[in-house]
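Have a look at protein.cif; it's mmCIF, C-alpha atoms:
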```cif
data_model
#
loop_
_atom_site.group_PDB
_atom_site.id
_atom_site.type_symbol
_atom_site.label_atom_id
_atom_site.label_comp_id
_atom_site.auth_asym_id
_atom_site.auth_seq_id
_atom_site.Cartn_x
_atom_site.Cartn_y
_atom_site.Cartn_z
ATOM 1 C CA MET A 1 38.857 -18.779 -1.063
ATOM 2 C CA LYS A 2 35.348 -20.024 -0.423
ATOM 3 C CA PRO A 3 34.696 -23.681 0.385
ATOM 4 C CA SER A 4 32.833 -24.154 -2.903
ATOM 5 C CA GLU A 5 35.833 -22.876 -4.883
ATOM 6 C CA LEU A 6 38.175 -25.139 -2.942
ATOM 7 C CA PHE A 7 35.861 -28.068 -3.613
ATOM 8 C CA GLY A 8 35.975 -27.249 -7.345
ATOM 9 C CA VAL A 9 39.773 -27.226 -7.302
ATOM 10 C CA LEU A 10 39.748 -30.565 -5.470
ATOM 11 C CA ILE A 11 37.358 -32.113 -8.029
ATOM 12 C CA ARG A 12 39.488 -30.860 -10.946
ATOM 13 C CA THR A 13 42.653 -32.182 -9.302
ATOM 14 C CA ILE A 14 41.068 -35.590 -8.771
ATOM 15 C CA GLY A 15 39.891 -35.586 -12.395
ATOM 16 C CA PHE A 16 43.375 -34.704 -13.616
ATOM 17 C CA LEU A 17 44.973 -37.455 -11.528
ATOM 18 C CA VAL A 18 42.450 -40.016 -12.795
ATOM 19 C CA ILE A 19 43.218 -38.954 -16.393
ATOM 20 C CA LEU A 20 46.941 -39.445 -15.756
ATOM 21 C CA TYR A 21 46.310 -42.878 -14.250
ATOM 22 C CA SER A 22 44.168 -43.899 -17.226
ATOM 23 C CA LEU A 23 46.906 -42.795 -19.622
ATOM 24 C CA TYR A 24 49.312 -44.958 -17.612
ATOM 25 C CA ASP A 25 46.918 -47.892 -18.154
ATOM 26 C CA PHE A 26 46.709 -47.125 -21.886
ATOM 27 C CA LEU A 27 50.487 -47.047 -22.184
ATOM 28 C CA GLY A 28 50.748 -50.322 -20.264
ATOM 29 C CA GLY A 29 48.170 -51.873 -22.573
ATOM 30 C CA PHE A 30 49.961 -50.725 -25.719
ATOM 31 C CA ASP A 31 53.296 -51.888 -24.313
ATOM 32 C CA ASN A 32 51.853 -55.304 -23.472
ATOM 33 C CA PHE A 33 50.104 -55.539 -26.844
ATOM 34 C CA PHE A 34 53.237 -54.798 -28.878
ATOM 35 C CA GLU A 35 55.357 -57.020 -26.637
ATOM 36 C CA ASN A 36 52.959 -59.903 -27.350
ATOM 37 C CA LEU A 37 52.911 -59.018 -31.035
ATOM 38 C CA LEU A 38 56.705 -59.098 -31.279
ATOM 39 C CA SER A 39 56.987 -62.356 -29.313
ATOM 40 C CA GLY A 40 55.039 -64.129 -32.032
ATOM 41 C CA GLY A 41 52.106 -65.185 -29.862
ATOM 42 C CA GLN A 42 53.974 -67.936 -28.027
ATOM 43 C CA ASP A 43 52.065 -67.333 -24.787
ATOM 44 C CA GLY A 44 48.652 -68.113 -26.204
ATOM 45 C CA ASN A 45 45.475 -66.326 -25.129
ATOM 46 C CA SER A 46 46.466 -65.650 -21.509
ATOM 47 C CA SER A 47 48.530 -62.583 -22.448
ATOM 48 C CA SER A 48 45.821 -61.158 -24.709
ATOM 49 C CA ALA A 49 43.404 -61.184 -21.784
ATOM 50 C CA SER A 50 45.970 -59.248 -19.770
ATOM 51 C CA THR A 51 46.302 -56.707 -22.579
ATOM 52 C CA LEU A 52 42.546 -56.306 -22.801
ATOM 53 C CA SER A 53 42.266 -55.652 -19.062
ATOM 54 C CA TYR A 54 44.432 -52.539 -19.399
ATOM 55 C CA PHE A 55 41.935 -51.076 -21.847
ATOM 56 C CA VAL A 56 38.842 -52.330 -20.009
ATOM 57 C CA PHE A 57 39.902 -50.347 -16.958
ATOM 58 C CA GLY A 58 41.618 -47.495 -18.805
ATOM 59 C CA VAL A 59 38.670 -46.341 -20.908
ATOM 60 C CA PRO A 60 36.178 -45.883 -18.019
ATOM 61 C CA GLU A 61 38.913 -44.246 -15.913
ATOM 62 C CA PHE A 62 39.563 -41.789 -18.712
ATOM 63 C CA ILE A 63 35.867 -41.001 -19.108
ATOM 64 C CA VAL A 64 35.398 -40.444 -15.360
ATOM 65 C CA GLY A 65 38.502 -38.268 -15.217
ATOM 66 C CA VAL A 66 37.391 -36.108 -18.136
ATOM 67 C CA LEU A 67 33.907 -35.746 -16.658
ATOM 68 C CA CYS A 68 35.311 -34.710 -13.279
ATOM 69 C CA PHE A 69 37.743 -32.282 -14.857
ATOM 70 C CA PHE A 70 35.368 -30.577 -17.280
ATOM 71 C CA LEU A 71 32.133 -30.815 -15.281
ATOM 72 C CA ALA A 72 33.604 -29.651 -11.971
ATOM 73 C CA ASP A 73 31.457 -26.494 -11.991
ATOM 74 C CA TRP A 74 28.322 -28.585 -12.381
ATOM 75 C CA ILE A 75 29.416 -30.918 -9.567
ATOM 76 C CA VAL A 76 30.084 -27.911 -7.306
ATOM 77 C CA LYS A 77 26.657 -26.444 -8.102
ATOM 78 C CA LEU A 78 25.093 -29.802 -7.308
ATOM 79 C CA ALA A 79 26.938 -30.049 -3.982
ATOM 80 C CA TYR A 80 26.493 -26.406 -2.921
ATOM 81 C CA ARG A 81 22.915 -25.614 -3.820
ATOM 82 C CA ASP A 82 21.453 -22.428 -2.462
ATOM 83 C CA SER A 83 18.784 -23.212 0.082
ATOM 84 C CA PRO A 84 15.492 -21.328 -0.327
ATOM 85 C CA PRO A 85 15.063 -18.335 2.021
#
```
For this file, write the structure as structure tokens.
Amino acid sequence: MKPSELFGVLIRTIGFLVILYSLYDFLGGFDNFFENLLSGGQDGNSSSASTLSYFVFGVPEFIVGVLCFFLADWIVKLAYRDSPP
């Protein structure tokens, strides 16, 4: 396996792990949102800010993960350019 192919596998693996972490954030956000919804809003606005933070970090993580996963070939070509003879 050439170093460029190994680098591509590494980039895809990192992208996949970032996607999984962002889904964990989404699930935490939905869990927190519905927990606050069922509690009747007794906590005030402090819990809604906590719920929003899950999505504020989850959406960019998901986008970066998808870009790394699906654009790994482009990233490898950018990193391993052929030098002119």
- Task: List, as a PyMOL selection string, every residue that the PyMOL selection byres ((chain A and resi 19-23) around 9) selects in the file provided.
- Result: chain A and resi 14-18+24-28+54-55+57-66+69
- Message: Here's the selection I'm unsure about, the PyMOL selection byres ((chain A and resi 32) around 10); applied to the file above, which residues does it give, as a list in words?
- Response: Phe26, Leu27, Gly28, Gly29, Phe30, Asp31, Phe33, Phe34, Glu35, Asn36, Leu37, Leu38, Ser47, Ser48, Ser50, Thr51, Leu52 and Tyr54 of chain A
Using all atoms listed in the file, determine which residues lie at most 12 Å from A:Val76, disregarding the query and same-chain residues fewer than 4 positions distant; provide the list as a tab-separated table (two decimals) with C-alpha atoms, in the coordinates of the input.
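Dumped everything to out36.tsv:
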```
chain	number	residue	atom	x	y	z
A	2	LYS	CA	35.35	-20.02	-0.42
A	3	PRO	CA	34.70	-23.68	0.38
A	4	SER	CA	32.83	-24.15	-2.90
A	5	GLU	CA	35.83	-22.88	-4.88
A	6	LEU	CA	38.17	-25.14	-2.94
A	7	PHE	CA	35.86	-28.07	-3.61
A	8	GLY	CA	35.98	-27.25	-7.34
A	9	VAL	CA	39.77	-27.23	-7.30
A	10	LEU	CA	39.75	-30.56	-5.47
A	11	ILE	CA	37.36	-32.11	-8.03
A	12	ARG	CA	39.49	-30.86	-10.95
A	68	CYS	CA	35.31	-34.71	-13.28
A	69	PHE	CA	37.74	-32.28	-14.86
A	70	PHE	CA	35.37	-30.58	-17.28
A	71	LEU	CA	32.13	-30.82	-15.28
A	72	ALA	CA	33.60	-29.65	-11.97
A	80	TYR	CA	26.49	-26.41	-2.92
A	81	ARG	CA	22.92	-25.61	-3.82
A	82	ASP	CA	21.45	-22.43	-2.46
```
Using all atoms of stretch 21-24 of chain A that appear in the file, construct an axis-aligned enclosing box with 6 Å of padding on every side and provide its centre coordinates and edge lengths in Å, rounded to one decimal, as JSON.
```
{"center_x": 46.7, "center_y": -43.9, "center_z": -16.9, "size_x": 17.1, "size_y": 14.2, "size_z": 17.4}
```
